[in-house]
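Visitor: First the structure, then my questions, so here it is.
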Amino acid sequence: LTFRWGPGNTRMTFAKRTFDKPIPISPLIALDRERCILCYRCTRFSEDVAEDGQLIARNRGAQSLIATFEDEPYRAPFTGNVIELCPVGALTSTTYRFEARPWEIQNVPTVCALCPVGCNVTVTTREGKVKRVLGRNHPEVDEGWLCDKGRFAYPALYAADRVHAPLRKAGPRRFEEISWDEALDEAEALLRDARGRIVTALSGSETLEQAYALGRLLRAGLGAHSAVLAEETTPALDAFRAPLSTIRDAELVVIVGDEPVAERAPIVDLWLRAARRGGAELVTIGAAGTVRAPAGSAADAARRLATGRSGLARRLRGSDRAVVIWSDPGGGGAAALARLARALGFADRPGCAAFYLPATPNGRGVADAWAAAADADEANPEPIALLVVSGDEAAGDPNVRALAERADKVLAFAMFRRPLLGWVDLLLPGTSYLERDGTTVNLEGRLQRLRRAVIPPATDETTVIAELGRRFGVDIPHHVPELFAELSARVYDGLAYGQVSEQAVLPSRGEFVPPVQAGEPPVDETGAGLRLLTYRPVFSGAAVERVPELQFQRPEPVLEIASADAAARGIVQGDTVTVRSNGTAIALRATVSKQLTAGVVRVAQDHAGELGRYVEVSPNQIASEASDLA
C-alpha cells in the first residue's frame, strides 16, 4: 500500500543513519543494516538452533550491529534460514534479491528431494522460472528449517550444460542433437537389440511413478534382466516407524556408524542438537565416536548391543524414549538396524524409534516401485548389451561407470551433458524434482507428494517411457495419478493419489517382518597403513557443482587424522601432508582429531581421488624443506 499510495516525501527533518549496503556476509546472504531493527532472531538461530555461533551482535546500545564472528563469511549448513527469520528484509538472498515483487510470483508447495529427509518446501516461481525455495513447516519432519543445499541449489536448473533435447553420440567427446522421433526410434532399436541382456542403474532420486514406469517397460516388456538399485532396503523397519520429532523428545540417542549425520541427513543433525539441549544423552559408536569402534564395524557394534549386557545396552532396553540412528555407508545396514531394534524391544514402546539414514533421497520408494513393476526374477546378463542409466546421481557413480565400460551400448536419462560425454550413446533429457509430479518416500517411511513447480525444458521421462512401452506392447499410463493408482494397488493398499496431502501423515507401525539374513562383510584389518574412511558431503553432486554461490560451502581439501597418528608422524594442526595409495599421491591439509580412532583417517569423497582403502600419510616434503630453509 505504501508503494502504491504512500507519501512521496518524508516527514523526518533529522539526518538519517546510513550504512554501506549491501554487506555480503556470505556469497548467499546480503545484509542491509539500515533495515535492521536488532530483534536478534538471526543471532538466536545461530546460537540456539544451528549452534554454529557465527552470527553475533557487535558493540552496545545504539551502536549495536549484526555481524559475523571475526567478519568471516557465514559458512554453515543452515545459514539461509536467517533470511526467512528476518522480519524486515535486512537479511536477503543474493540469488533472489530484487528478482520479483510479491504480486508477480506464484508459490507451489512441494517436497525437497535432494536428501532422504524430504523437507517440506514452498517453491516461488515467476514467469515460468524458479526464483527461490522456502521452508514449509512440517512439525514432525523439519519444523520449517531447511539446509542451504535444499534452499539454494535450484539455479542448477538453468546450467549451461542442461540437456534440452535428445542427444546422440557423434564422436569421442561430442554429441549431436536429434529430433524426438529419431530419439524414440533409436531407443527402441537399442532396447530391442539388447532384449534379455539389459542392466538398469537407478539413482534412488526417481519418483515412485517414474521408477514403476521404467520397471514396467524393462521388466514386463523386455524380460528379466539385472538392476542396480541405489541401496538395499527392508520393510522390517516399519515396525519401529516414528516421526523424526521423536529424536527431540528422546532421553537416550545412540548413533551407529562412521559417516557424519550432518553429511547424510542435515535436518536429523538439527533434531540431535535439539535433543541434546533437552537433556538427552547422545552416544556415537564408530571410528569417530564417543564409543570407539574399528572402522567399518557398525554391524558388529549392533550385534554387541543386541546381545550384550553393557550399561548402554541395558539402558536402551529399559528406556521408554530411546532412539537408534544408523549412519554408515556399509551394506546391510537397514537389516542390521531392524534386528537390533527388535532385540531391544522397540516395537512395543511408542517413544522408541530406529532410523536408517539412506544415501539417496528415495531409495526405499524406488526399490518398492521397481519390485512391484513385474513378478519376473532377474538375472545378471553377461555380456551386457545395453546399460540404462536413470538420473545424474547414477551417471556420477564410479560403479556405474565401470558397468558402462563392459556394456556394448549406453542409454541415459540425465539433466546435464558434461559428465556423460564420451561414454553414453543416446542421452534423453532428464528432469529435476522441481519439474516433476509424483510421490516419494523419506527416511521415516513417510509417503510425500511432489508437485511440479515449473515446466521442464523437454518431454519428461515418464511420458517418454510410456511411449516406448506402447512400442513394446506394454500399457504404461502417461499420467502420474494413473501410474500411482496401479502402484498403490500393489504396495499401498489402494491409497488414492489425492490422499497424499501437502502435509503427509506418517503411517502407523506395521508388524515386524524378519529381514533376510545376509552375511555381514568382516572388518578388514589386514591392510598396511592407515584405514581410509570417505564420506559423501551434503554439499556435493551435480546440482551443487553448477551453482557458483554454493561453492564456498563445499568441503575444503583436508585430511582428518587421529591425534596419536599425527604425533607419531610429527604432524600438527594445519600441516600439509602427502597421502599415498595405489600409486596415487595427493596433498591435503591436516586436521588433528581427538575423537577419531587411531589407525583411521577421514576425507571427503570430493578430495579422495583414486586412493584405496589403506593409505600412508607423511608430512609434505616440499613444506618440510621450506621450513628447514627458513
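Chain identifiers are assigned as A, B, and so on, following the order in which chains appear in the C-alpha cells; residues are numbered from 1 within each chain, and ligands are numbered from 1 in order of appearance.
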Mind the document's chain letters and residue numbers, and return as JSON, numbers by chain the residues of range 60-309 of chain A that DSSP labels strand (DSSP E or B).

Guide: {"A": [65, 66, 67, 68, 91, 92, 93, 106, 107, 108, 109, 110, 111, 120, 121, 122, 123, 124, 125, 126, 129, 130, 131, 132, 133, 134, 135, 162, 167, 168, 169, 170, 171, 174, 175, 176, 177, 198, 199, 200, 201, 202, 226, 227, 228, 252, 253, 254, 255, 256, 281, 282, 283, 284, 285, 286, 291, 292]}

Visitor: Hey, what does DSSP flag as alpha helix (DSSP H) within range 202-433 of chain A? Can you give it to me as a ChimeraX atom specification?

Guide: /A:208-215,245-248,261-264,266-277,298-307,311-318,333-344,363-372,392-395,398-406

Visitor: Which residue gives the smallest distance to Leu340 in chain A among A:Leu421, A:Ala236, A:Arg613, A:Leu357, with only C-alpha atoms counted?

Guide: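 The closest residue to Leu340 in chain A is A:Ala236.
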
Visitor: Of the residues A:Ala367, A:Ala30, A:Ala373, A:Val617, which is the one nearest to Ala489 in chain A, using only C-alpha atoms?

Guide: A:Ala373

Visitor: Which residue out of A:Ala338, A:Val410, A:Ile23, A:Leu387 has the minimum interatomic distance to Val516 in chain A when only C-alpha atoms are used?

Guide: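 Checking each candidate against Val516 in chain A, we get A:Ala338 as the closest.
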
Visitor: Counting only C-alpha atoms, what is within 8 Å of range 470-486 of chain A, bar same-chain residues fewer than 3 positions away, as JSON, numbers by chain?

Guide: {"A": [188, 208, 209, 212, 213, 216, 217, 220, 221, 222, 437, 438, 462, 463, 465, 466, 467, 489, 490, 494, 495, 496, 497]}

Visitor: Put those residues in a file: N, CA, C and O atoms, as a short mmCIF file (atom, residue, chain, number, x, y, z; two decimals), in the first residue's frame.

Guide:
data_model
loop_
_atom_site.label_atom_id
_atom_site.label_comp_id
_atom_site.auth_asym_id
_atom_site.auth_seq_id
_atom_site.Cartn_x
_atom_site.Cartn_y
_atom_site.Cartn_z
N GLU A 188 14.20 -47.40 -29.16
CA GLU A 188 13.51 -48.66 -29.41
C GLU A 188 14.46 -49.70 -29.99
O GLU A 188 14.47 -50.87 -29.58
N LEU A 208 8.33 -42.45 -7.31
CA LEU A 208 7.78 -43.79 -7.34
C LEU A 208 7.22 -44.11 -8.71
O LEU A 208 7.41 -45.21 -9.26
N GLU A 209 6.51 -43.14 -9.30
CA GLU A 209 5.86 -43.37 -10.58
C GLU A 209 6.88 -43.55 -11.70
O GLU A 209 6.71 -44.39 -12.59
N TYR A 212 8.45 -46.98 -11.28
CA TYR A 212 7.48 -48.02 -11.63
C TYR A 212 7.31 -48.11 -13.14
O TYR A 212 7.28 -49.21 -13.71
N ALA A 213 7.19 -46.95 -13.81
CA ALA A 213 7.04 -46.95 -15.27
C ALA A 213 8.25 -47.57 -15.96
O ALA A 213 8.11 -48.37 -16.89
N ARG A 216 8.10 -51.27 -15.46
CA ARG A 216 7.10 -51.90 -16.33
C ARG A 216 7.66 -52.06 -17.75
O ARG A 216 7.48 -53.12 -18.37
N LEU A 217 8.34 -51.05 -18.25
CA LEU A 217 8.90 -51.14 -19.59
C LEU A 217 9.97 -52.22 -19.69
O LEU A 217 9.91 -53.09 -20.57
N ALA A 220 8.55 -55.95 -17.60
CA ALA A 220 7.39 -56.61 -18.21
C ALA A 220 7.50 -56.65 -19.73
O ALA A 220 7.05 -57.60 -20.37
N GLY A 221 8.09 -55.62 -20.31
CA GLY A 221 8.15 -55.55 -21.77
C GLY A 221 9.34 -56.23 -22.39
O GLY A 221 9.27 -56.67 -23.54
N LEU A 222 10.46 -56.30 -21.66
CA LEU A 222 11.68 -56.81 -22.27
C LEU A 222 12.28 -58.00 -21.52
O LEU A 222 13.39 -58.42 -21.81
N ASP A 437 5.76 -34.10 -11.07
CA ASP A 437 4.65 -34.51 -10.21
C ASP A 437 4.92 -35.95 -9.80
O ASP A 437 5.50 -36.73 -10.56
N GLY A 438 4.48 -36.32 -8.61
CA GLY A 438 4.67 -37.70 -8.19
C GLY A 438 4.76 -37.83 -6.69
O GLY A 438 4.40 -36.92 -5.93
N THR A 462 8.69 -39.86 -17.74
CA THR A 462 7.55 -40.76 -17.67
C THR A 462 6.81 -40.83 -19.00
O THR A 462 6.38 -41.90 -19.44
N THR A 463 6.67 -39.69 -19.67
CA THR A 463 6.00 -39.66 -20.97
C THR A 463 6.79 -40.43 -22.01
O THR A 463 6.23 -41.18 -22.82
N ILE A 465 8.92 -42.91 -21.41
CA ILE A 465 8.84 -44.33 -21.08
C ILE A 465 7.50 -44.91 -21.52
O ILE A 465 7.42 -46.03 -22.04
N ALA A 466 6.41 -44.14 -21.32
CA ALA A 466 5.09 -44.62 -21.73
C ALA A 466 5.03 -44.81 -23.24
O ALA A 466 4.43 -45.79 -23.72
N GLU A 467 5.63 -43.92 -24.01
CA GLU A 467 5.64 -44.05 -25.46
C GLU A 467 6.45 -45.28 -25.89
O GLU A 467 6.05 -46.03 -26.78
N ALA A 489 -2.21 -50.01 -5.71
CA ALA A 489 -2.96 -51.26 -5.56
C ALA A 489 -2.04 -52.41 -5.17
O ALA A 489 -2.48 -53.37 -4.51
N ARG A 490 -0.76 -52.32 -5.53
CA ARG A 490 0.19 -53.39 -5.24
C ARG A 490 0.98 -53.16 -3.95
O ARG A 490 1.41 -54.12 -3.31
N GLY A 494 -4.13 -49.53 -2.03
CA GLY A 494 -5.11 -48.78 -2.79
C GLY A 494 -5.26 -47.32 -2.39
O GLY A 494 -6.26 -46.68 -2.73
N LEU A 495 -4.30 -46.77 -1.68
CA LEU A 495 -4.35 -45.35 -1.29
C LEU A 495 -4.52 -44.48 -2.53
O LEU A 495 -3.80 -44.65 -3.52
N ALA A 496 -5.44 -43.54 -2.49
CA ALA A 496 -5.69 -42.66 -3.63
C ALA A 496 -4.61 -41.58 -3.71
O ALA A 496 -4.11 -41.11 -2.69
N TYR A 497 -4.30 -41.18 -4.93
CA TYR A 497 -3.26 -40.17 -5.15
C TYR A 497 -3.61 -38.86 -4.43
O TYR A 497 -2.74 -38.22 -3.83
#

Visitor: Quick one: residues within 7 Å of Val254 in chain A, only C-alpha atoms counted, chain neighbours fewer than 4 positions away excluded, as a list in words?

Guide: Leu282, Val283, Thr284, Val323, Val324 and Ile325 of chain A

Visitor: Write the residues of the selection above to a file with all heavy atoms, as a compact mmCIF listing (two decimals), in the first residue's frame.

Guide:
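The resulting file, result34.txt, is reproduced below:
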# COMPACT_ATOMS: atom_id res chain seq x y z
N LEU A 282 23.65 -38.29 24.14
CA LEU A 282 23.97 -38.73 22.80
C LEU A 282 25.24 -39.57 22.82
O LEU A 282 26.27 -39.13 23.35
CB LEU A 282 24.17 -37.53 21.85
CG LEU A 282 22.93 -37.01 21.11
CD1 LEU A 282 21.85 -36.58 22.09
CD2 LEU A 282 23.29 -35.85 20.19
N VAL A 283 25.15 -40.78 22.28
CA VAL A 283 26.28 -41.70 22.23
C VAL A 283 26.52 -42.09 20.78
O VAL A 283 25.59 -42.53 20.09
CB VAL A 283 26.02 -42.97 23.07
CG1 VAL A 283 27.20 -43.93 22.97
CG2 VAL A 283 25.73 -42.61 24.51
N THR A 284 27.74 -41.90 20.30
CA THR A 284 28.10 -42.28 18.94
C THR A 284 29.05 -43.46 18.98
O THR A 284 30.08 -43.41 19.66
CB THR A 284 28.76 -41.11 18.19
OG1 THR A 284 27.87 -39.99 18.21
CG2 THR A 284 29.06 -41.48 16.75
N VAL A 323 16.33 -43.81 21.06
CA VAL A 323 16.39 -43.77 19.60
C VAL A 323 17.74 -44.30 19.16
O VAL A 323 18.78 -43.95 19.75
CB VAL A 323 16.17 -42.34 19.07
CG1 VAL A 323 16.43 -42.27 17.56
CG2 VAL A 323 14.75 -41.86 19.39
N VAL A 324 17.74 -45.13 18.12
CA VAL A 324 18.98 -45.59 17.49
C VAL A 324 18.97 -45.09 16.05
O VAL A 324 17.98 -45.25 15.33
CB VAL A 324 19.11 -47.11 17.52
CG1 VAL A 324 20.40 -47.54 16.79
CG2 VAL A 324 19.13 -47.64 18.95
N ILE A 325 20.07 -44.45 15.64
CA ILE A 325 20.21 -43.91 14.28
C ILE A 325 21.39 -44.61 13.62
O ILE A 325 22.48 -44.67 14.19
CB ILE A 325 20.43 -42.39 14.32
CG1 ILE A 325 19.22 -41.70 14.94
CG2 ILE A 325 20.71 -41.84 12.92
CD1 ILE A 325 19.42 -40.21 15.17

Visitor: Out of A:Glu405, A:Glu251, A:Asp269, A:Asp258, which residue has the shortest atom-to-atom distance to Cys352 in chain A when counting only C-alpha atoms?

Guide: A:Glu251

Visitor: Write out as a list in words which residues come within 10 Å of range 394-401 of chain A when counting only C-alpha atoms, dropping same-chain ones fewer than 5 positions away.

Guide: Thr200, Ala201, Leu202, Ser203, Gly204, Ser205, Val228, Leu229, Ala230, Leu387, Val388, Val389, Arg406, Ala407, Ala412, Phe413, Ala414, Phe416, Pro419, Leu420, Trp423, Val424, Gly541 and Ala542 of chain A

Visitor: Please dump the current selection as an mmCIF file, in the first residue's frame; keep C-alpha atoms.

Guide:
data_model
loop_
_atom_site.group_PDB
_atom_site.id
_atom_site.type_symbol
_atom_site.label_atom_id
_atom_site.label_comp_id
_atom_site.auth_asym_id
_atom_site.auth_seq_id
_atom_site.Cartn_x
_atom_site.Cartn_y
_atom_site.Cartn_z
ATOM 1 C CA THR A 200 19.486 -50.762 -15.347
ATOM 2 C CA ALA A 201 21.276 -48.396 -12.951
ATOM 3 C CA LEU A 202 18.815 -46.459 -10.764
ATOM 4 C CA SER A 203 19.728 -43.289 -8.872
ATOM 5 C CA GLY A 204 17.361 -43.507 -5.929
ATOM 6 C CA SER A 205 16.145 -39.986 -6.746
ATOM 7 C CA VAL A 228 21.487 -51.868 -9.868
ATOM 8 C CA LEU A 229 19.416 -50.315 -7.076
ATOM 9 C CA ALA A 230 20.822 -47.325 -5.241
ATOM 10 C CA LEU A 387 23.153 -50.229 -19.837
ATOM 11 C CA VAL A 388 20.206 -47.967 -18.983
ATOM 12 C CA VAL A 389 21.264 -45.137 -16.652
ATOM 13 C CA ARG A 406 31.551 -53.541 -20.029
ATOM 14 C CA ALA A 407 28.368 -52.626 -21.932
ATOM 15 C CA ALA A 412 20.826 -42.491 -20.246
ATOM 16 C CA PHE A 413 18.212 -40.132 -18.818
ATOM 17 C CA ALA A 414 20.060 -37.143 -17.326
ATOM 18 C CA PHE A 416 23.442 -32.473 -17.628
ATOM 19 C CA PRO A 419 29.715 -35.784 -17.257
ATOM 20 C CA LEU A 420 28.301 -38.110 -19.939
ATOM 21 C CA TRP A 423 30.548 -42.928 -22.850
ATOM 22 C CA VAL A 424 26.801 -42.509 -23.464
ATOM 23 C CA GLY A 541 26.617 -33.594 -6.522
ATOM 24 C CA ALA A 542 25.585 -32.327 -9.926
#

Visitor: Do a neighbour search on Arg417 in chain A at 7 Å with only C-alpha atoms, toss out local chain neighbours closer than 4 positions, and write the hits as a PyMOL selection string.

Guide: chain A and resi 161-163+421

Visitor: Would you output that residue set with all heavy atoms, as a PDB file, in the first residue's frame?

Guide:
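Produced file selection29.pdb, reproduced below:
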ATOM      1  N   ASP A 161      25.100 -26.560 -19.322  1.00  0.00           N
ATOM      2  CA  ASP A 161      25.139 -27.878 -19.949  1.00  0.00           C
ATOM      3  C   ASP A 161      23.852 -28.674 -19.713  1.00  0.00           C
ATOM      4  O   ASP A 161      23.849 -29.901 -19.833  1.00  0.00           O
ATOM      5  CB  ASP A 161      26.360 -28.674 -19.472  1.00  0.00           C
ATOM      6  CG  ASP A 161      26.291 -29.022 -17.989  1.00  0.00           C
ATOM      7  OD1 ASP A 161      25.616 -28.286 -17.246  1.00  0.00           O
ATOM      8  OD2 ASP A 161      26.910 -30.022 -17.594  1.00  0.00           O
ATOM      9  N   ARG A 162      22.758 -27.975 -19.400  1.00  0.00           N
ATOM     10  CA  ARG A 162      21.459 -28.646 -19.244  1.00  0.00           C
ATOM     11  C   ARG A 162      21.021 -29.224 -20.593  1.00  0.00           C
ATOM     12  O   ARG A 162      21.150 -28.584 -21.633  1.00  0.00           O
ATOM     13  CB  ARG A 162      20.427 -27.645 -18.712  1.00  0.00           C
ATOM     14  CG  ARG A 162      19.011 -28.201 -18.532  1.00  0.00           C
ATOM     15  CD  ARG A 162      18.909 -29.046 -17.298  1.00  0.00           C
ATOM     16  NE  ARG A 162      17.683 -29.820 -17.259  1.00  0.00           N
ATOM     17  CZ  ARG A 162      16.550 -29.423 -16.682  1.00  0.00           C
ATOM     18  NH1 ARG A 162      16.490 -28.240 -16.081  1.00  0.00           N
ATOM     19  NH2 ARG A 162      15.493 -30.208 -16.687  1.00  0.00           N
ATOM     20  N   VAL A 163      20.501 -30.427 -20.557  1.00  0.00           N
ATOM     21  CA  VAL A 163      20.048 -31.107 -21.778  1.00  0.00           C
ATOM     22  C   VAL A 163      18.615 -30.675 -22.074  1.00  0.00           C
ATOM     23  O   VAL A 163      17.714 -30.885 -21.258  1.00  0.00           O
ATOM     24  CB  VAL A 163      20.125 -32.635 -21.607  1.00  0.00           C
ATOM     25  CG1 VAL A 163      19.651 -33.332 -22.873  1.00  0.00           C
ATOM     26  CG2 VAL A 163      21.542 -33.062 -21.262  1.00  0.00           C
ATOM     27  N   LEU A 421      29.744 -37.111 -21.613  1.00  0.00           N
ATOM     28  CA  LEU A 421      30.446 -37.076 -22.893  1.00  0.00           C
ATOM     29  C   LEU A 421      31.417 -38.242 -23.001  1.00  0.00           C
ATOM     30  O   LEU A 421      32.187 -38.525 -22.086  1.00  0.00           O
ATOM     31  CB  LEU A 421      31.213 -35.751 -23.042  1.00  0.00           C
ATOM     32  CG  LEU A 421      30.382 -34.510 -23.374  1.00  0.00           C
ATOM     33  CD1 LEU A 421      31.226 -33.262 -23.247  1.00  0.00           C
ATOM     34  CD2 LEU A 421      29.790 -34.614 -24.770  1.00  0.00           C
TER      35      LEU A 421
END

Visitor: Provide the CA of Pro383 in chain A to CA of Ala170 in chain A distance in Å, to one decimal place.

Guide: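 Computed distance, CA of Pro383 in chain A to CA of Ala170 in chain A, equals 24.2 Å.
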
Visitor: Show me, as a PDB file with all heavy atoms, in the first residue's frame, the residues that have an atom within 10 Å of Val261 in chain A when counting only C-alpha atoms, minus same-chain residues fewer than 6 positions from it.

Guide:
ATOM      1  N   ILE A 255      23.945 -43.286  18.034  1.00  0.00           N
ATOM      2  CA  ILE A 255      24.236 -43.171  16.601  1.00  0.00           C
ATOM      3  C   ILE A 255      25.296 -44.198  16.261  1.00  0.00           C
ATOM      4  O   ILE A 255      26.385 -44.195  16.847  1.00  0.00           O
ATOM      5  CB  ILE A 255      24.727 -41.754  16.247  1.00  0.00           C
ATOM      6  CG1 ILE A 255      23.689 -40.722  16.690  1.00  0.00           C
ATOM      7  CG2 ILE A 255      25.005 -41.620  14.758  1.00  0.00           C
ATOM      8  CD1 ILE A 255      24.270 -39.397  17.078  1.00  0.00           C
ATOM      9  N   ILE A 267      19.000 -32.272   8.393  1.00  0.00           N
ATOM     10  CA  ILE A 267      17.974 -31.895   9.366  1.00  0.00           C
ATOM     11  C   ILE A 267      17.986 -32.831  10.572  1.00  0.00           C
ATOM     12  O   ILE A 267      17.677 -32.417  11.697  1.00  0.00           O
ATOM     13  CB  ILE A 267      16.586 -31.883   8.693  1.00  0.00           C
ATOM     14  CG1 ILE A 267      16.511 -30.736   7.686  1.00  0.00           C
ATOM     15  CG2 ILE A 267      15.473 -31.737   9.723  1.00  0.00           C
ATOM     16  CD1 ILE A 267      16.646 -29.348   8.287  1.00  0.00           C
ATOM     17  N   VAL A 268      18.382 -34.081  10.371  1.00  0.00           N
ATOM     18  CA  VAL A 268      18.494 -35.004  11.503  1.00  0.00           C
ATOM     19  C   VAL A 268      19.514 -34.469  12.501  1.00  0.00           C
ATOM     20  O   VAL A 268      19.355 -34.620  13.717  1.00  0.00           O
ATOM     21  CB  VAL A 268      18.872 -36.414  11.019  1.00  0.00           C
ATOM     22  CG1 VAL A 268      19.106 -37.349  12.204  1.00  0.00           C
ATOM     23  CG2 VAL A 268      17.772 -36.977  10.123  1.00  0.00           C
ATOM     24  N   ASP A 269      20.566 -33.824  12.002  1.00  0.00           N
ATOM     25  CA  ASP A 269      21.561 -33.239  12.907  1.00  0.00           C
ATOM     26  C   ASP A 269      20.937 -32.129  13.749  1.00  0.00           C
ATOM     27  O   ASP A 269      21.277 -31.975  14.932  1.00  0.00           O
ATOM     28  CB  ASP A 269      22.743 -32.698  12.089  1.00  0.00           C
ATOM     29  CG  ASP A 269      23.899 -32.265  12.960  1.00  0.00           C
ATOM     30  OD1 ASP A 269      24.391 -33.100  13.743  1.00  0.00           O
ATOM     31  OD2 ASP A 269      24.317 -31.094  12.881  1.00  0.00           O
ATOM     32  N   LEU A 270      20.013 -31.342  13.182  1.00  0.00           N
ATOM     33  CA  LEU A 270      19.314 -30.323  13.974  1.00  0.00           C
ATOM     34  C   LEU A 270      18.446 -30.971  15.039  1.00  0.00           C
ATOM     35  O   LEU A 270      18.340 -30.467  16.170  1.00  0.00           O
ATOM     36  CB  LEU A 270      18.457 -29.436  13.069  1.00  0.00           C
ATOM     37  CG  LEU A 270      19.164 -28.360  12.248  1.00  0.00           C
ATOM     38  CD1 LEU A 270      18.136 -27.422  11.633  1.00  0.00           C
ATOM     39  CD2 LEU A 270      20.157 -27.572  13.082  1.00  0.00           C
ATOM     40  N   LEU A 272      19.081 -33.767  16.500  1.00  0.00           N
ATOM     41  CA  LEU A 272      20.008 -34.237  17.535  1.00  0.00           C
ATOM     42  C   LEU A 272      20.440 -33.098  18.449  1.00  0.00           C
ATOM     43  O   LEU A 272      20.556 -33.276  19.670  1.00  0.00           O
ATOM     44  CB  LEU A 272      21.231 -34.878  16.875  1.00  0.00           C
ATOM     45  CG  LEU A 272      21.006 -36.227  16.182  1.00  0.00           C
ATOM     46  CD1 LEU A 272      22.250 -36.638  15.406  1.00  0.00           C
ATOM     47  CD2 LEU A 272      20.635 -37.295  17.200  1.00  0.00           C
ATOM     48  N   ILE A 325      20.068 -44.453  15.640  1.00  0.00           N
ATOM     49  CA  ILE A 325      20.211 -43.914  14.279  1.00  0.00           C
ATOM     50  C   ILE A 325      21.388 -44.609  13.616  1.00  0.00           C
ATOM     51  O   ILE A 325      22.481 -44.672  14.189  1.00  0.00           O
ATOM     52  CB  ILE A 325      20.435 -42.389  14.322  1.00  0.00           C
ATOM     53  CG1 ILE A 325      19.218 -41.696  14.937  1.00  0.00           C
ATOM     54  CG2 ILE A 325      20.711 -41.845  12.923  1.00  0.00           C
ATOM     55  CD1 ILE A 325      19.416 -40.214  15.175  1.00  0.00           C
ATOM     56  N   TRP A 326      21.165 -45.120  12.416  1.00  0.00           N
ATOM     57  CA  TRP A 326      22.216 -45.828  11.680  1.00  0.00           C
ATOM     58  C   TRP A 326      22.741 -44.913  10.585  1.00  0.00           C
ATOM     59  O   TRP A 326      22.023 -44.557   9.666  1.00  0.00           O
ATOM     60  CB  TRP A 326      21.650 -47.113  11.067  1.00  0.00           C
ATOM     61  CG  TRP A 326      22.703 -48.032  10.523  1.00  0.00           C
ATOM     62  CD1 TRP A 326      23.370 -47.914   9.347  1.00  0.00           C
ATOM     63  CD2 TRP A 326      23.193 -49.223  11.148  1.00  0.00           C
ATOM     64  NE1 TRP A 326      24.250 -48.955   9.189  1.00  0.00           N
ATOM     65  CE2 TRP A 326      24.168 -49.779  10.281  1.00  0.00           C
ATOM     66  CE3 TRP A 326      22.919 -49.876  12.342  1.00  0.00           C
ATOM     67  CZ2 TRP A 326      24.851 -50.955  10.573  1.00  0.00           C
ATOM     68  CZ3 TRP A 326      23.593 -51.042  12.633  1.00  0.00           C
ATOM     69  CH2 TRP A 326      24.546 -51.568  11.764  1.00  0.00           C
ATOM     70  N   SER A 327      24.000 -44.526  10.687  1.00  0.00           N
ATOM     71  CA  SER A 327      24.613 -43.624   9.704  1.00  0.00           C
ATOM     72  C   SER A 327      25.940 -44.221   9.263  1.00  0.00           C
ATOM     73  O   SER A 327      27.010 -43.791   9.679  1.00  0.00           O
ATOM     74  CB  SER A 327      24.835 -42.238  10.321  1.00  0.00           C
ATOM     75  OG  SER A 327      25.408 -41.352   9.386  1.00  0.00           O
ATOM     76  N   ASP A 328      25.841 -45.223   8.414  1.00  0.00           N
ATOM     77  CA  ASP A 328      27.036 -45.937   7.984  1.00  0.00           C
ATOM     78  C   ASP A 328      26.901 -46.304   6.515  1.00  0.00           C
ATOM     79  O   ASP A 328      25.820 -46.743   6.086  1.00  0.00           O
ATOM     80  CB  ASP A 328      27.239 -47.205   8.822  1.00  0.00           C
ATOM     81  CG  ASP A 328      28.635 -47.785   8.638  1.00  0.00           C
ATOM     82  OD1 ASP A 328      29.563 -47.268   9.288  1.00  0.00           O
ATOM     83  OD2 ASP A 328      28.783 -48.727   7.863  1.00  0.00           O
ATOM     84  N   LEU A 357      19.563 -43.961   7.908  1.00  0.00           N
ATOM     85  CA  LEU A 357      19.802 -42.795   7.056  1.00  0.00           C
ATOM     86  C   LEU A 357      20.292 -43.276   5.698  1.00  0.00           C
ATOM     87  O   LEU A 357      21.460 -43.641   5.542  1.00  0.00           O
ATOM     88  CB  LEU A 357      20.834 -41.863   7.692  1.00  0.00           C
ATOM     89  CG  LEU A 357      20.545 -41.395   9.127  1.00  0.00           C
ATOM     90  CD1 LEU A 357      21.569 -40.349   9.544  1.00  0.00           C
ATOM     91  CD2 LEU A 357      19.134 -40.853   9.265  1.00  0.00           C
ATOM     92  N   VAL A 538      27.300 -33.413   2.056  1.00  0.00           N
ATOM     93  CA  VAL A 538      25.966 -32.983   1.648  1.00  0.00           C
ATOM     94  C   VAL A 538      26.069 -31.926   0.554  1.00  0.00           C
ATOM     95  O   VAL A 538      25.242 -31.888  -0.371  1.00  0.00           O
ATOM     96  CB  VAL A 538      25.161 -32.480   2.867  1.00  0.00           C
ATOM     97  CG1 VAL A 538      25.777 -31.223   3.469  1.00  0.00           C
ATOM     98  CG2 VAL A 538      23.713 -32.211   2.471  1.00  0.00           C
TER      99      VAL A 538
END

Visitor: Expressed in Å to a single decimal, how great is the separation between CA of Phe512 in chain A and CA of Cys119 in chain A?

Guide: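 These atoms are spaced 27.1 Å apart.
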
Visitor: Figure out the distance between CA of Asn137 in chain A and CA of Leu1 in chain A, please, to one decimal in Å.

Guide: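 Between CA of Leu1 in chain A and CA of Asn137 in chain A the gap works out to 28.3 Å.
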
Visitor: From the options A:Asp48, A:Glu444, A:Asp348, A:Glu560, which residue's atoms come nearest to Val577 in chain A, counting only C-alpha atoms?

Guide: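 Of A:Asp48, A:Glu444, A:Asp348, A:Glu560, the one nearest Val577 in chain A, counting only C-alpha atoms, is A:Glu560.
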